[in-house]
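Working notes for the structure below.
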Amino acid sequence: MKNLLRPAPLPRGLAEAFSRAGFRKWYERELLSSHAHLVLAFLSLVAVFAALEASRGAATADQLANLVYVLLSAAIGAWALRRYLFLLTRAEIVANQAQCQDCGEYGRFKVVSPRTGGDEAEVCCRRCQHRWVITSLA
Ligand SMILES: [Zn+2]
């Protein structure tokens, strides 16, 4: 159970993601991806209600098929909702650490080195050269 609650490491690692696209682009992509999962969760909910509606007054075989559709749509919806919350939470956790504590510059830093298997990155402020560690772990 503990592994299910712990956020999965980024596929490429935080440092590589920041180096490739920059923090602001990474953050924008995380928000877009998370909200795409929210749309999928909503569509799954619509599919659940459509299958429930279709099973009213249907033959037993059709009701069983619709039950399978309901369970499948509910499983996809639950996964999509969980993924939405995970991506949004991780983006916000990282965004809350993106401000330089010395000069207050937000989101303008360069990666110095990756840490802890990709979950953390040591970064350096582009304005004042202050260094700090950004982590995607809660
Ligand atoms: Zn700074």
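In the structure tokens, each chain is lettered A, B, ... as it comes, each chain's residues begin at 1, and ligands are numbered from 1 in order of appearance.
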
Please give me, as a tab-separated table (two decimals) with N, CA and C atoms, in the first residue's frame, the residues lying within 12 Å of ligand 1 when counting only C-alpha atoms and all ligand atoms.
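The new file pocket.tsv reads:
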```tsv
chain	number	residue	atom	x	y	z
A	98	ALA	N	9.73	26.76	-6.90
A	98	ALA	CA	10.42	27.33	-8.06
A	98	ALA	C	10.86	28.77	-7.87
A	99	GLN	N	10.61	29.34	-6.69
A	99	GLN	CA	10.99	30.73	-6.45
A	99	GLN	C	12.31	30.80	-5.69
A	100	CYS	N	13.20	31.63	-6.17
A	100	CYS	CA	14.49	31.83	-5.51
A	100	CYS	C	14.25	32.50	-4.16
A	101	GLN	N	14.87	31.93	-3.10
A	101	GLN	CA	14.67	32.48	-1.77
A	101	GLN	C	15.50	33.74	-1.53
A	102	ASP	N	16.50	33.97	-2.36
A	102	ASP	CA	17.34	35.15	-2.18
A	102	ASP	C	16.77	36.39	-2.86
A	103	CYS	N	16.43	36.26	-4.17
A	103	CYS	CA	16.01	37.45	-4.92
A	103	CYS	C	14.53	37.43	-5.28
A	104	GLY	N	13.85	36.30	-5.09
A	104	GLY	CA	12.41	36.25	-5.37
A	104	GLY	C	12.06	35.94	-6.81
A	105	GLU	N	13.04	35.73	-7.67
A	105	GLU	CA	12.78	35.41	-9.07
A	105	GLU	C	12.03	34.08	-9.15
A	106	TYR	N	10.96	34.04	-9.96
A	106	TYR	CA	10.14	32.83	-10.03
A	106	TYR	C	10.36	32.09	-11.35
A	107	GLY	N	10.74	30.82	-11.23
A	107	GLY	CA	10.79	29.93	-12.38
A	107	GLY	C	11.94	30.15	-13.34
A	108	ARG	N	12.89	30.99	-12.97
A	108	ARG	CA	14.04	31.23	-13.86
A	108	ARG	C	15.29	30.68	-13.18
A	109	PHE	N	15.58	29.44	-13.51
A	109	PHE	CA	16.76	28.80	-12.94
A	109	PHE	C	17.29	27.81	-13.96
A	110	LYS	N	18.55	27.41	-13.74
A	110	LYS	CA	19.13	26.36	-14.57
A	110	LYS	C	19.49	25.18	-13.68
A	123	VAL	N	19.22	23.27	-8.45
A	123	VAL	CA	19.08	24.32	-9.46
A	123	VAL	C	19.79	25.59	-8.99
A	124	CYS	N	20.04	26.47	-9.95
A	124	CYS	CA	20.77	27.72	-9.69
A	124	CYS	C	19.98	28.87	-10.30
A	125	CYS	N	19.73	29.89	-9.52
A	125	CYS	CA	18.98	31.06	-9.98
A	125	CYS	C	19.75	31.77	-11.10
A	126	ARG	N	19.05	32.15	-12.16
A	126	ARG	CA	19.71	32.83	-13.28
A	126	ARG	C	20.06	34.29	-12.95
A	127	ARG	N	19.39	34.86	-11.96
A	127	ARG	CA	19.65	36.25	-11.63
A	127	ARG	C	20.76	36.39	-10.59
A	128	CYS	N	20.68	35.62	-9.46
A	128	CYS	CA	21.61	35.86	-8.36
A	128	CYS	C	22.52	34.66	-8.06
A	129	GLN	N	22.41	33.58	-8.81
A	129	GLN	CA	23.26	32.39	-8.67
A	129	GLN	C	23.03	31.63	-7.36
A	130	HIS	N	21.95	31.93	-6.65
A	130	HIS	CA	21.62	31.17	-5.45
A	130	HIS	C	21.25	29.74	-5.85
A	131	ARG	N	21.69	28.77	-5.06
A	131	ARG	CA	21.41	27.36	-5.36
A	131	ARG	C	20.46	26.78	-4.33
A	132	TRP	N	19.53	25.92	-4.81
A	132	TRP	CA	18.65	25.19	-3.92
A	132	TRP	C	18.20	23.90	-4.61
```

**Prompt:** as a VMD selection string, which residues of chain A does DSSP assign to alpha helix (DSSP H)?
**Reply:** chain A and resid 2 to 5 14 to 21 23 to 55 60 to 95

**Prompt:** What lies within 12 Å of A:Glu53 using only C-alpha atoms, ignoring chain neighbours under 6 positions off, as a ChimeraX atom specification?
**Reply:** /A:46-47,62-63,66-67,69-70

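You will find atom CA of A:Ile76 at 18.7 Å from atom CA of A:Leu32.
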
**Message:** Set the distance at 12 Å and use only C-alpha atoms: which residues neighbour A:Ala17 once local chain neighbours fewer than 2 positions away are removed? I'd like the list as JSON, numbers by chain.
**Reply:** {"A": [9, 10, 11, 12, 13, 14, 15, 19, 20, 21, 22, 23, 24, 25, 26, 27, 29, 30, 110, 111, 114, 118, 119, 120, 121, 136]}

Output for the residues just chosen: N, CA and C atoms as a compact mmCIF listing (two decimals), in the first residue's frame:
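Done, and the output landed in again-v1.txt:
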```
# COMPACT_ATOMS: atom_id res chain seq x y z
N PRO A 9 8.43 8.20 -9.78
CA PRO A 9 9.41 9.15 -10.27
C PRO A 9 9.08 9.58 -11.70
N LEU A 10 9.52 10.76 -12.06
CA LEU A 10 9.29 11.23 -13.41
C LEU A 10 9.98 10.30 -14.39
N PRO A 11 9.38 10.06 -15.55
CA PRO A 11 9.98 9.12 -16.51
C PRO A 11 11.40 9.52 -16.89
N ARG A 12 11.65 10.80 -17.07
CA ARG A 12 12.97 11.26 -17.47
C ARG A 12 13.72 11.91 -16.33
N GLY A 13 13.08 12.15 -15.25
CA GLY A 13 13.72 12.82 -14.14
C GLY A 13 13.46 14.32 -14.19
N LEU A 14 13.40 14.90 -13.02
CA LEU A 14 13.10 16.33 -12.90
C LEU A 14 14.15 17.19 -13.59
N ALA A 15 15.43 16.85 -13.37
CA ALA A 15 16.52 17.66 -13.94
C ALA A 15 16.48 17.64 -15.45
N SER A 19 15.83 20.72 -18.00
CA SER A 19 16.88 21.07 -18.95
C SER A 19 16.35 21.09 -20.38
N ARG A 20 15.45 20.17 -20.69
CA ARG A 20 14.95 20.08 -22.06
C ARG A 20 14.00 21.22 -22.40
N ALA A 21 13.01 21.44 -21.55
CA ALA A 21 11.95 22.37 -21.90
C ALA A 21 11.95 23.63 -21.05
N GLY A 22 12.66 23.64 -19.95
CA GLY A 22 12.58 24.75 -19.02
C GLY A 22 11.43 24.53 -18.06
N PHE A 23 11.48 25.19 -16.91
CA PHE A 23 10.47 24.96 -15.87
C PHE A 23 9.08 25.36 -16.34
N ARG A 24 8.96 26.52 -16.96
CA ARG A 24 7.63 27.02 -17.32
C ARG A 24 6.93 26.12 -18.32
N LYS A 25 7.66 25.64 -19.34
CA LYS A 25 7.08 24.71 -20.31
C LYS A 25 6.72 23.39 -19.64
N TRP A 26 7.59 22.89 -18.76
CA TRP A 26 7.30 21.64 -18.05
C TRP A 26 6.03 21.79 -17.23
N TYR A 27 5.92 22.90 -16.52
CA TYR A 27 4.74 23.14 -15.68
C TYR A 27 3.47 23.21 -16.54
N ARG A 29 2.97 21.83 -19.47
CA ARG A 29 2.66 20.49 -19.97
C ARG A 29 2.05 19.60 -18.88
N GLU A 30 2.55 19.73 -17.66
CA GLU A 30 1.98 18.94 -16.56
C GLU A 30 0.52 19.32 -16.32
N LYS A 110 18.55 27.41 -13.74
CA LYS A 110 19.13 26.36 -14.57
C LYS A 110 19.49 25.18 -13.68
N VAL A 111 19.48 24.00 -14.24
CA VAL A 111 19.75 22.79 -13.48
C VAL A 111 21.24 22.64 -13.29
N PRO A 114 21.17 16.51 -11.21
CA PRO A 114 20.04 15.70 -10.75
C PRO A 114 20.38 15.03 -9.42
N GLY A 118 16.29 11.05 -9.93
CA GLY A 118 15.42 11.84 -10.78
C GLY A 118 14.31 12.57 -10.07
N ASP A 119 14.10 12.30 -8.78
CA ASP A 119 13.02 12.96 -8.04
C ASP A 119 13.40 14.35 -7.57
N GLU A 120 14.68 14.66 -7.57
CA GLU A 120 15.13 15.97 -7.12
C GLU A 120 16.13 16.53 -8.12
N ALA A 121 16.26 17.84 -8.08
CA ALA A 121 17.24 18.50 -8.93
C ALA A 121 17.81 19.70 -8.18
N SER A 136 10.28 16.58 -6.23
CA SER A 136 8.90 16.29 -6.65
C SER A 136 8.22 15.37 -5.63
```
